[in-house]
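Asks: One structure follows; several queries about it will come next.
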Amino acid sequence: MKIKKNIFTLVFLFKNLILKIVFYFSCYVSMAFPTKKSTLSRSHTRMTVLEWCERKYYLNYYDFDLKKRDKELWQENIILKKIKSLDMRIGEKSHYLLSDYLHVFKNFYNERKLNPALREEQIQNLKNKMKAEMEEEFNYSKQLDFTDTEKFFERKIGLTEHYYGENIDDQLPLAIEKVCGNLDRFIQSTWNKKIESYFEDGEKVYIETPRETDFESMRVDLNKIDGFSNISVLAAPDFWVVHSDYDYLILDWKSWKEDILQDGISDQLKLYALKTLLKKNKTSLEGMKFEVYEVYLNSMHAYGGELQQQDIESIIQKIQQDVEKQKNLLVDRDPEKNIPVDPDLFSPSLSDKKCETCTFRAVCKKFFK
Ligand code: SF4
């Protein structure tokens with residue numbers, strides 16, 4: 001009994017050291033004994049970064065190449081990869097808060113119906129919790145020494161603006177207001193009422209939990225499409241309802257302003273539907289119904305509609321085009337080798353405005369010619 005207790009005490013005392021050893025050992029094993037061929041990954045975020053700026057794409061996804069060329073800059077870059085601007089945090093926290101609210105809404109549906117006061121109390125508690133979370137993280141980031149990599153990686157949070165020494169204290173209350181405002185608008189919208197009716201009718205409802213990314217459940221099984229076996233695609237909608245085996249509603253929340261040219265059904269929504277179809281071993285919409293919408297939280301405008309077969313064909317084509325675009329930046333266009341072309345062949349953004357606020361600007365300026 002005493003020996004057991006001593007072992008537990010030792011494990012507790014050296015838990016950080018043990019975790020580090022396990023982490024480095026698993027890295028060593030995966031490098032020394034690769035188990036599968038490299039595949040090309042495609043995700044909405046990855047393609048957005050590529051379209052935004054090829055250099056940003058290199059610094060984000062090919063930093064193992066940067067490590068070989070300049071270890072010091074690579075050290076700096078691994079921090080830049082993790083930090084986010086305040087605007088990005090607003091988007092992230094809006095998704096968290098809405099997901100938290102929908103989970104509470106779902107789990108306490110009957111209690112809230114019997115006691116409407118509970119509803120207000122729960123909403124206020126969620127908002128208070130979010131306010132405290134944002135304030136705590138903001139203050140933590142503000143006092144952080146970003147040159148202390150080990151300290152940074154204890155929590156991996158920080159704001160781009162603080163990294164570059166900007167004083168943005170006055171922007172924090174506004175950021176909290178925006179996040180809570182997004183939830184308030186949602187609660188007052190017809191979407192909230194519709195969702196209430198799904199709970200009421202006992203429909204199968206799925207709510208994404210963005211605080212815990214589950215890459216396995218995000219994977220789209222493209223092996224079932226000829227020629228797509230080496231492509232890894234990740235996608236997960238924020239909310240979906242299964243009315244029946246052949247009737248789905250898919251929703252995705254957007255926290256930024258909609259494009260004035262916004263029209264039709266986005267590629268992301270088409271991909272979510274394709275993922276569901278592939279789970280049924282098909283790519284045909286025959287006998288199936290998908291209603292899909294992107295809902296913009298700052299206006300509550302929704303864009304989308306009922307999917308047609310041509311939408312499914314177009315997303316399959318789009319994945320193929322995206323993969324070809326990514327291959328252009330690889331030596332011999334070979335995803336298996338996965339070696340990026342010379343970094344100076346990655347084009348910079350042509351927009352000064354993008355560079356002025358870009359998280360990677362410190363490393364970008366020093367590294368690229
Ligand atoms: S600073 Fe400009 S060119 Fe460099 S990565 Fe950022 S957006 Fe691209």
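In the structure tokens, chains take letters A, B, ... by order of appearance, with residues numbered from 1 within each chain and ligands from 1 in the order shown.
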Counting only C-alpha atoms and all ligand atoms, what are the residues, protein, DNA or RNA alike, that approach ligand 1 to within 12 Å? I want them as a PyMOL selection string.

Replies: chain A and resi 49-61+77+80-81+343-344+346-369

Asks: Quick one: DSSP alpha helix (DSSP H) residues in stretch 210-261 of chain A, as a list in words?

Replies: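 In stretch 210-261 of chain A, DSSP puts these residues in alpha helix (DSSP H): Phe215, Glu216, Ser217 and Met218 of chain A.
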
Asks: Hey, can you spit out that residue selection with N, CA and C atoms as an mmCIF file, in the first residue's frame?

Replies:
data_model
loop_
_atom_site.group_PDB
_atom_site.id
_atom_site.type_symbol
_atom_site.label_atom_id
_atom_site.label_comp_id
_atom_site.auth_asym_id
_atom_site.auth_seq_id
_atom_site.Cartn_x
_atom_site.Cartn_y
_atom_site.Cartn_z
ATOM 1 N N PHE A 215 -10.394 15.507 -34.655
ATOM 2 C CA PHE A 215 -10.014 15.389 -36.059
ATOM 3 C C PHE A 215 -10.588 14.126 -36.697
ATOM 4 N N GLU A 216 -10.709 13.073 -35.898
ATOM 5 C CA GLU A 216 -11.195 11.807 -36.472
ATOM 6 C C GLU A 216 -12.627 11.966 -36.976
ATOM 7 N N SER A 217 -13.461 12.615 -36.152
ATOM 8 C CA SER A 217 -14.857 12.760 -36.596
ATOM 9 C C SER A 217 -14.987 13.801 -37.707
ATOM 10 N N MET A 218 -13.949 14.631 -37.885
ATOM 11 C CA MET A 218 -14.004 15.646 -38.958
ATOM 12 C C MET A 218 -13.617 15.064 -40.321
#

Asks: Residues of stretch 250-331 of chain A classed as strand (DSSP E or B) by DSSP on the backbone are to be reported as a ChimeraX atom specification.

Replies: /A:250-254,289-296,302-306,330

Asks: Which is closest to A:Asn107 among A:Val205, A:Val295, A:Ile168, A:Met134, if we use only C-alpha atoms?

Replies: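 Residue with the minimum atom-to-atom distance to A:Asn107: A:Val205.
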
Asks: Report as a list in words all protein, DNA and RNA residues lying within 7 Å of A:Lys254, evaluated on only C-alpha atoms, omitting residues in the same chain fewer than 6 positions from it.

Replies: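 The neighbour list is Glu294, Val295, Tyr296 and Leu297 of chain A.
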
Asks: Which residue out of A:Asn192, A:Ser232, A:Gln321, A:Ser299 has the minimum interatomic distance to A:Asp259 when only C-alpha atoms are used?

Replies: A:Ser299

Asks: Which one is closest to A:Gly287: A:Ser266, A:Lys93, A:Tyr101, A:Ser244? Count only C-alpha atoms.

Replies: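 Looking at the shortest contact to A:Gly287, the residue is A:Ser244.
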